[in-house]
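Engineer: Please find work.cif (mmCIF, C-alpha atoms) on the next line:
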data_query
loop_
_atom_site.label_atom_id
_atom_site.label_comp_id
_atom_site.auth_asym_id
_atom_site.auth_seq_id
_atom_site.Cartn_x
_atom_site.Cartn_y
_atom_site.Cartn_z
CA MET A 1 7.45 -35.85 -15.43
CA THR A 2 7.04 -33.33 -12.61
CA ASP A 3 9.13 -30.19 -12.44
CA PRO A 4 12.12 -30.25 -10.11
CA PRO A 5 11.79 -28.31 -6.86
CA ASN A 6 12.53 -24.58 -6.86
CA ASP A 7 15.72 -24.96 -4.83
CA TRP A 8 17.11 -27.29 -7.50
CA LYS A 9 16.33 -24.71 -10.19
CA SER A 10 18.09 -22.04 -8.13
CA VAL A 11 21.25 -24.11 -7.89
CA GLU A 12 21.17 -24.86 -11.61
CA SER A 13 20.62 -21.21 -12.54
CA HIS A 14 23.66 -20.12 -10.54
CA GLY A 15 25.88 -22.53 -12.40
CA LEU A 16 26.77 -24.61 -9.33
CA PRO A 17 27.67 -28.23 -9.98
CA LEU A 18 25.25 -30.90 -8.91
CA LYS A 19 26.48 -33.04 -6.04
CA LYS A 20 25.48 -36.54 -5.18
CA THR A 21 23.51 -36.97 -1.99
CA LEU A 22 25.72 -38.72 0.52
CA LYS A 23 24.58 -41.43 2.86
CA VAL A 24 25.62 -40.86 6.45
CA LYS A 25 27.46 -43.90 7.69
CA PRO A 26 25.88 -45.30 10.86
CA TYR A 27 27.99 -45.97 13.91
CA LYS A 28 29.21 -49.51 14.16
CA LYS A 29 27.17 -51.59 16.52
CA ILE A 30 27.45 -54.92 18.20
CA PRO A 31 24.38 -56.96 19.20
CA GLU A 32 24.66 -55.71 22.81
CA THR A 33 25.01 -51.98 22.00
CA ASP A 34 21.49 -50.93 22.93
CA ALA A 35 21.53 -53.03 26.09
CA ILE A 36 24.89 -51.57 27.10
CA PHE A 37 23.61 -48.02 26.65
CA GLU A 38 20.55 -48.84 28.75
CA ASN A 39 22.80 -50.28 31.44
CA VAL A 40 25.00 -47.17 31.37
CA ALA A 41 21.97 -44.90 31.80
CA GLN A 42 20.48 -46.94 34.64
CA SER A 43 23.81 -47.41 36.44
CA ASN A 44 24.74 -43.73 36.17
CA GLN A 45 21.34 -42.65 37.41
CA ALA A 46 21.56 -44.98 40.39
CA ALA A 47 25.08 -43.79 41.22
CA ASP A 48 24.12 -40.11 41.05
CA ALA A 49 21.14 -40.73 43.35
CA ASP A 50 23.25 -42.47 45.99
CA PRO A 51 24.96 -40.01 48.38
CA LYS A 52 27.56 -42.65 49.28
CA THR A 53 28.64 -43.17 45.65
CA LEU A 54 30.88 -40.87 43.61
CA ARG A 55 30.69 -41.15 39.83
CA ILE A 56 33.84 -40.43 37.88
CA SER A 57 34.72 -40.69 34.21
CA ILE A 58 38.17 -41.82 33.13
CA ASP A 59 39.97 -42.04 29.81
CA SER A 60 43.23 -41.24 28.09
CA LYS A 61 43.82 -38.80 25.26
CA ALA A 62 45.97 -39.33 22.19
CA LYS A 63 49.68 -38.95 22.89
CA VAL A 64 51.06 -35.42 22.69
CA LYS A 65 54.38 -34.82 20.93
CA ILE A 66 56.51 -32.12 22.53
CA GLY A 67 58.49 -29.87 20.19
CA ASN A 68 58.25 -26.98 17.76
CA LEU A 69 55.40 -28.67 15.94
CA SER A 70 52.30 -27.38 14.20
CA ARG A 71 49.07 -29.13 15.19
CA GLY A 72 46.83 -27.18 12.82
CA GLY A 73 45.55 -24.70 15.39
CA LYS A 74 45.19 -20.92 15.27
CA ALA A 75 46.65 -18.37 17.68
CA ARG A 76 45.64 -14.76 18.41
CA THR A 77 49.05 -13.25 17.73
CA LEU A 78 50.20 -10.32 15.62
CA GLU A 79 52.35 -12.65 13.58
CA ALA A 80 51.75 -16.29 12.83
CA LEU A 81 53.70 -18.70 14.99
CA LYS A 82 56.40 -20.56 13.11
CA ALA A 83 56.69 -24.32 13.51
CA ASP A 84 59.18 -26.70 11.98
CA ASP A 85 58.69 -27.49 8.33
CA HIS A 86 58.42 -31.23 9.01
CA ASP A 87 56.71 -32.63 12.09
CA ASP A 88 58.97 -35.64 12.34
CA HIS A 89 61.26 -34.61 15.21
CA TRP A 90 60.20 -34.13 18.81
CA GLN A 91 61.85 -33.99 22.24
CA ALA A 92 59.31 -36.03 24.25
CA VAL A 93 55.90 -37.63 24.16
CA LEU A 94 53.25 -37.22 26.87
CA VAL A 95 50.45 -39.66 27.64
CA PRO A 96 47.47 -37.73 29.07
CA PHE A 97 45.06 -39.55 31.38
CA GLY A 98 42.06 -37.82 32.91
CA ILE A 99 39.76 -38.35 35.87
CA LEU A 100 36.57 -36.29 35.95
CA ASP A 101 34.22 -35.89 38.89
CA VAL A 102 31.12 -35.90 36.69
CA LEU A 103 28.74 -33.99 38.97
CA GLY A 104 31.35 -31.87 40.76
CA HIS A 105 33.08 -30.96 37.45
CA GLN A 106 36.59 -31.21 38.91
CA LEU A 107 39.04 -32.52 36.32
CA SER A 108 42.44 -34.02 37.08
CA ILE A 109 44.93 -34.66 34.27
CA TYR A 110 47.94 -36.92 34.67
CA PHE A 111 50.68 -36.71 32.06
CA GLY A 112 52.74 -39.87 31.79
CA GLN A 113 56.02 -40.08 29.91
CA SER A 114 55.99 -43.75 29.03
CA ALA A 115 53.07 -45.89 27.84
CA GLU A 116 49.35 -46.15 28.51
CA THR A 117 49.15 -49.37 30.51
CA SER A 118 46.94 -50.82 33.23
CA ASP A 119 49.62 -50.00 35.80
CA PHE A 120 49.85 -46.38 34.66
CA ILE A 121 46.08 -45.95 34.83
CA VAL A 122 45.61 -47.53 38.25
CA ASP A 123 48.65 -45.66 39.63
CA CYS A 124 46.94 -42.43 38.54
CA LEU A 125 43.67 -43.55 40.12
CA GLU A 126 45.44 -44.36 43.39
CA ALA A 127 47.25 -40.99 43.40
CA TRP A 128 43.97 -39.20 42.67
CA TRP A 129 42.13 -40.89 45.55
CA GLN A 130 44.98 -40.25 48.00
CA GLU A 131 44.87 -36.58 47.09
CA HIS A 132 41.11 -36.15 47.08
CA GLN A 133 39.55 -38.62 49.49
CA GLY A 134 39.31 -35.86 52.08
CA ASP A 135 37.06 -33.94 49.67
CA TYR A 136 34.49 -36.75 49.70
CA PRO A 137 33.57 -37.62 53.28
CA GLY A 138 31.05 -40.43 53.47
CA ILE A 139 31.86 -41.84 50.03
CA GLU A 140 31.94 -45.64 50.12
CA ALA A 141 31.83 -46.48 46.41
CA LEU A 142 33.08 -45.30 43.03
CA ALA A 143 31.04 -45.66 39.85
CA ILE A 144 33.53 -45.38 36.99
CA ASP A 145 32.44 -44.55 33.45
CA LEU A 146 34.99 -45.85 30.94
CA ASP A 147 35.37 -47.35 27.50
CA GLY A 148 36.89 -50.67 26.52
CA GLY A 149 40.37 -49.43 25.66
CA SER A 150 43.13 -52.00 25.59
CA ALA A 151 44.56 -51.07 28.99
CA VAL A 152 41.20 -51.17 30.82
CA ARG A 153 39.34 -54.01 29.12
CA SER A 154 37.48 -56.14 31.61
CA ASN A 155 39.50 -59.19 30.57
CA ARG A 156 42.91 -57.50 30.85
CA THR A 157 44.57 -59.58 33.55
CA GLN A 158 46.83 -56.84 34.92
CA PHE A 159 43.88 -54.44 35.09
CA ILE A 160 41.85 -57.01 37.02
CA LYS A 161 44.69 -57.52 39.48
CA ARG A 162 45.45 -53.82 39.98
CA MET A 163 41.81 -52.76 40.34
CA VAL A 164 41.12 -55.45 42.92
CA GLN A 165 44.22 -54.31 44.80
CA PHE A 166 42.92 -50.73 44.60
CA VAL A 167 39.64 -51.84 46.16
CA GLN A 168 41.43 -53.82 48.87
CA THR A 169 43.65 -50.84 49.73
CA THR A 170 40.95 -48.15 49.75
CA GLY A 171 38.00 -50.18 51.03
CA LEU A 172 35.86 -48.66 48.29
CA ARG A 173 33.33 -50.64 46.29
CA VAL A 174 33.96 -50.04 42.58
CA HIS A 175 31.43 -50.35 39.78
CA LEU A 176 32.96 -50.36 36.28
CA ILE A 177 30.41 -49.06 33.77
CA TYR A 178 31.61 -49.56 30.21
CA TYR A 179 30.34 -47.68 27.18
CA PRO A 180 29.75 -49.84 24.10
CA PRO A 181 32.46 -50.28 21.47
CA TYR A 182 32.67 -47.49 18.82
CA HIS A 183 30.74 -45.11 21.11
CA SER A 184 33.43 -43.88 23.50
CA LYS A 185 32.65 -40.27 22.57
CA TYR A 186 29.66 -40.46 24.93
CA ASN A 187 31.95 -40.97 27.92
CA PRO A 188 31.69 -37.60 29.77
CA ILE A 189 35.44 -36.96 29.92
CA GLU A 190 35.67 -36.91 26.12
CA ARG A 191 34.20 -33.39 26.18
CA CYS A 192 37.09 -32.32 28.43
CA TRP A 193 39.61 -33.54 25.87
CA ALA A 194 37.83 -31.59 23.14
CA THR A 195 38.05 -28.44 25.26
CA LEU A 196 41.77 -28.95 25.88
CA GLU A 197 42.41 -29.58 22.19
CA ASN A 198 40.66 -26.36 21.22
CA TYR A 199 42.47 -24.43 23.95
CA TRP A 200 46.06 -25.34 23.21
CA ASN A 201 46.04 -26.22 19.51
CA GLY A 202 47.31 -22.82 18.43
CA SER A 203 50.31 -22.96 20.76
CA LEU A 204 53.76 -24.42 20.31
CA LEU A 205 54.36 -26.99 23.02
CA ASN A 206 58.14 -26.72 23.00
CA SER A 207 58.65 -28.31 26.41
CA ILE A 208 56.90 -30.54 28.90
CA GLU A 209 56.55 -27.52 31.17
CA ASP A 210 54.75 -25.62 28.39
CA ALA A 211 52.27 -28.47 27.91
CA LEU A 212 51.53 -28.74 31.62
CA GLN A 213 51.10 -24.97 31.94
CA TRP A 214 48.70 -24.79 29.00
CA ALA A 215 46.66 -27.66 30.41
CA ALA A 216 46.55 -26.04 33.85
CA ASN A 217 45.30 -22.75 32.39
CA MET A 218 42.28 -24.17 30.58
CA THR A 219 38.92 -24.33 32.35
CA TRP A 220 36.23 -26.97 32.42
CA ASN A 221 32.80 -25.71 33.52
CA GLY A 222 34.53 -22.80 35.23
CA PHE A 223 37.15 -24.89 37.05
CA PRO A 224 40.84 -25.21 36.15
CA PRO A 225 42.08 -28.81 36.03
CA LEU A 226 44.57 -30.21 38.50
CA VAL A 227 47.62 -31.20 36.46
CA HIS A 228 50.27 -33.75 37.44
CA LEU A 229 53.40 -35.12 35.79
CA VAL A 230 53.89 -38.86 36.32
CA GLU A 231 57.46 -40.09 36.51
CA GLY A 232 58.63 -43.59 35.71
CA THR A 233 58.52 -46.14 32.93
CA TYR A 234 55.60 -48.49 32.38
CA PRO A 235 56.41 -51.74 30.58
CA LYS A 236 53.84 -53.05 28.11
CA LYS A 237 52.29 -56.50 27.76
CA ILE A 238 52.34 -57.48 31.42
CA THR A 239 50.03 -60.43 32.02
CA VAL A 240 49.08 -62.31 35.17
CA PRO A 241 49.22 -66.13 35.15
CA GLU A 242 45.88 -67.81 35.68
CA ASP A 243 46.84 -69.40 39.01
CA GLU A 244 47.94 -66.01 40.37
CA LEU A 245 44.85 -64.28 38.97
CA LYS A 246 42.34 -66.73 40.45
CA PRO A 247 41.89 -65.04 43.88
CA TYR A 248 41.51 -61.64 42.24
CA LYS A 249 38.83 -62.92 39.87
CA GLN A 250 36.74 -63.96 42.86
CA GLN A 251 36.17 -60.26 43.60
CA TRP A 252 35.64 -59.45 39.92
CA GLN A 253 31.86 -59.86 39.83
CA ARG A 254 30.55 -59.67 36.29
CA SER A 255 26.98 -58.85 35.32
CA GLU A 256 25.10 -61.94 34.18
CA SER A 257 23.56 -60.17 31.20
CA LEU A 258 26.54 -57.96 30.22
CA PRO A 259 29.63 -59.67 31.64
CA LYS A 260 32.11 -57.67 29.55
CA TRP A 261 30.51 -54.31 30.12
CA ASP A 262 29.46 -54.22 33.78
CA VAL A 263 31.74 -55.29 36.64
CA MET A 264 31.38 -54.86 40.41
CA ILE A 265 34.41 -55.15 42.68
CA GLU A 266 33.57 -55.60 46.37
CA PRO A 267 36.09 -55.09 49.16
CA ILE A 268 36.71 -57.97 51.55
#
Could the structure of this file be written out as structure tokens, please?
Structural biologist:
Amino acid sequence: MTDPPNDWKSVESHGLPLKKTLKVKPYKKIPETDAIFENVAQSNQAADADPKTLRISIDSKAKVKIGNLSRGGKARTLEALKADDHDDHWQAVLVPFGILDVLGHQLSIYFGQSAETSDFIVDCLEAWWQEHQGDYPGIEALAIDLDGGSAVRSNRTQFIKRMVQFVQTTGLRVHLIYYPPYHSKYNPIERCWATLENYWNGSLLNSIEDALQWAANMTWNGFPPLVHLVEGTYPKKITVPEDELKPYKQQWQRSESLPKWDVMIEPI
């Protein structure tokens, strides 16, 4: 039998316990995962090379509970902040939704007070375009990076209806570029959420105003985000009957090879 390597002897001599080598669990994959990633890369590259196309990344963040709650962060204060002993009472819940201009680095964050639904998301998208279309003269199309969350799945009937209406209203061509399941962390806006989490985790978000102010004070690639509070209630589980959906589906042009993961919506 050969001698064990020197590093093993060193561990043994210091009295440290031996630990089993762990296998790193691979990401879950579906048969189309590699093809979807290739499509994402090709579609993003084409969008970035087209001066008439603006690429944005959209996604929502986990709901934020408002109250004197500890979220496990650390603050640079002389004395530790004091949160409630039990994090089971809160005054409100915010639903953050973000829109990132991928190349321009401008981030917009919309805080809803109801539920993450197709209507909430498209309302935010409409508000964002109304506010910013003047910043993008000559833009005729949006390439949207997104994941397959429940509110934006390509088979969600209310999302189909609202996105087609968005295209009809704005006259923009929209290309929906989905990341594969279990790999949403590669969507560019996910890095923005990580930055926000690190920035405000040590604070006590005791009010909606506190949360909005903290979000507005962070920076992403040197730019502060534009922060908005969305009023109104968004009912869940709205579906569109097939006969009503039929004319909208005519503009919902699915890729032949990746029909769930690549959709083009053309204005008429």
Engineer: Please, what distance in Å, to one decimal, runs between CA of Leu146 in chain A and CA of Tyr178 in chain A?
Structural biologist: 5.1 Å
Engineer: Please determine, counting only C-alpha atoms, which residue among A:Ala216, A:Ile121, A:Ala47, A:Ile189 has the shortest atom-to-atom distance to Arg153 in chain A.
Structural biologist: A:Ile121
Engineer: Check the smallest atom-to-atom distance from each of A:Ser60, A:Gln158, A:Ala211, A:Ala49 to Ser184 in chain A using all atoms listed in the file, then report the winner.
Structural biologist: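 Closest to Ser184 in chain A, using all atoms listed in the file: A:Ser60.
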Engineer: Could you state the separation of CA of Tyr234 in chain A and CA of Ser118 in chain A in Å, given to one decimal place?
Structural biologist: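 For CA of Tyr234 in chain A relative to CA of Ser118 in chain A, the distance reads 9.0 Å.
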Engineer: Using Å and a single decimal, report how far CA of Gly98 in chain A sits from CA of Arg55 in chain A.
Structural biologist: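 Computed distance, CA of Arg55 in chain A to CA of Gly98 in chain A, equals 13.7 Å.
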Engineer: Calculated over only C-alpha atoms, which of the candidates A:Trp261, A:Leu229, A:Leu107, A:Gln133 has the smallest distance to Val152 in chain A?
Structural biologist: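 Among A:Trp261, A:Leu229, A:Leu107, A:Gln133, it is A:Trp261 that comes nearest to Val152 in chain A.
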Engineer: Here's the selection I'm unsure about, the PyMOL selection byres ((chain A and resi 248-254) around 10); applied to the file above, which residues does it give, as an NGL selection string?
Structural biologist: :A and (154 or 157 or 160-165 or 167-168 or 174-176 or 242-247 or 255-268)
Engineer: My list of candidates is A:Ile144, A:His228, A:Phe159, A:Arg191. Which is closest to Val40 in chain A when distances are computed with only C-alpha atoms?
Structural biologist: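 Of A:Ile144, A:His228, A:Phe159, A:Arg191, the one nearest Val40 in chain A is A:Ile144, counting only C-alpha atoms.
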Engineer: Using all atoms listed in the file, give me every residue within 8 Å of (26.4, -38.8, 50.0) in file coordinates, as an MDAnalysis selection string.
Structural biologist: chainID A and resid 50:53 137:139
Engineer: Residues of range 143-238 of chain A that have any atom at most 8 Å from an atom of range 31-36 of chain A: could you tabulate them with the shortest-distance atom pair and the distance in Å to one decimal, using all atoms listed in the file, ordered by chain and increasing number, as JSON lines?
Structural biologist:
{"residue": "A:Tyr178", "atom": "CA", "partner": "A:Ile36", "partner_atom": "CA", "distance": 7.7}
{"residue": "A:Tyr179", "atom": "CA", "partner": "A:Ile36", "partner_atom": "CA", "distance": 6.7}
{"residue": "A:Pro180", "atom": "CA", "partner": "A:Thr33", "partner_atom": "CA", "distance": 5.6}
{"residue": "A:Pro181", "atom": "CA", "partner": "A:Thr33", "partner_atom": "CA", "distance": 7.7}
Engineer: Enumerate, as a PyMOL selection string, the residues matched when the PyMOL selection byres ((chain A and resi 206) around 8) is run on the file above.
Structural biologist: chain A and resi 66-69+204-205+207-208+210-211
Engineer: Identify which of the residues A:Val227, A:Val64, A:Gly104, A:Tyr110 lies closest to Trp200 in chain A, counting all atoms listed in the file when measuring atom-to-atom distances.
Structural biologist: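 Of the candidates, the smallest distance to Trp200 in chain A is held by A:Val64.
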Engineer: Please provide the set of residues having any atom within 9 Å of Phe120 in chain A, restricted to all atoms listed in the file, with same-chain residues fewer than 5 positions apart removed, written as a PyMOL selection string.
Structural biologist: chain A and resi 97+112+114-115+125+230+233-234
Engineer: Kindly indicate which residue among A:Ala215, A:Asn198, A:Leu54, A:Val122 lies nearest to Glu140 in chain A, using all atoms listed in the file for the distances.
Structural biologist: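 Answer, going by the shortest atom-to-atom distance: A:Leu54.
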Engineer: Could you expand the PyMOL selection byres ((chain A and resi 61) around 10) into the explicit residues it covers here, written as a PDB file with C-alpha atoms, in the coordinates of the input?
Structural biologist:
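And here is the file that came out, part.pdb:
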ATOM      1  CA  ASP A  59      39.970 -42.040  29.810  1.00  0.00           C
ATOM      2  CA  SER A  60      43.230 -41.240  28.090  1.00  0.00           C
ATOM      3  CA  ALA A  62      45.970 -39.330  22.190  1.00  0.00           C
ATOM      4  CA  LYS A  63      49.680 -38.950  22.890  1.00  0.00           C
ATOM      5  CA  VAL A  64      51.060 -35.420  22.690  1.00  0.00           C
ATOM      6  CA  LEU A  94      53.250 -37.220  26.870  1.00  0.00           C
ATOM      7  CA  VAL A  95      50.450 -39.660  27.640  1.00  0.00           C
ATOM      8  CA  PRO A  96      47.470 -37.730  29.070  1.00  0.00           C
ATOM      9  CA  PHE A  97      45.060 -39.550  31.380  1.00  0.00           C
ATOM     10  CA  GLY A  98      42.060 -37.820  32.910  1.00  0.00           C
ATOM     11  CA  ILE A 109      44.930 -34.660  34.270  1.00  0.00           C
ATOM     12  CA  PHE A 111      50.680 -36.710  32.060  1.00  0.00           C
ATOM     13  CA  GLU A 116      49.350 -46.150  28.510  1.00  0.00           C
ATOM     14  CA  ILE A 189      35.440 -36.960  29.920  1.00  0.00           C
ATOM     15  CA  GLU A 190      35.670 -36.910  26.120  1.00  0.00           C
ATOM     16  CA  CYS A 192      37.090 -32.320  28.430  1.00  0.00           C
ATOM     17  CA  TRP A 193      39.610 -33.540  25.870  1.00  0.00           C
ATOM     18  CA  ALA A 194      37.830 -31.590  23.140  1.00  0.00           C
ATOM     19  CA  GLU A 197      42.410 -29.580  22.190  1.00  0.00           C
TER      20      GLU A 197
END
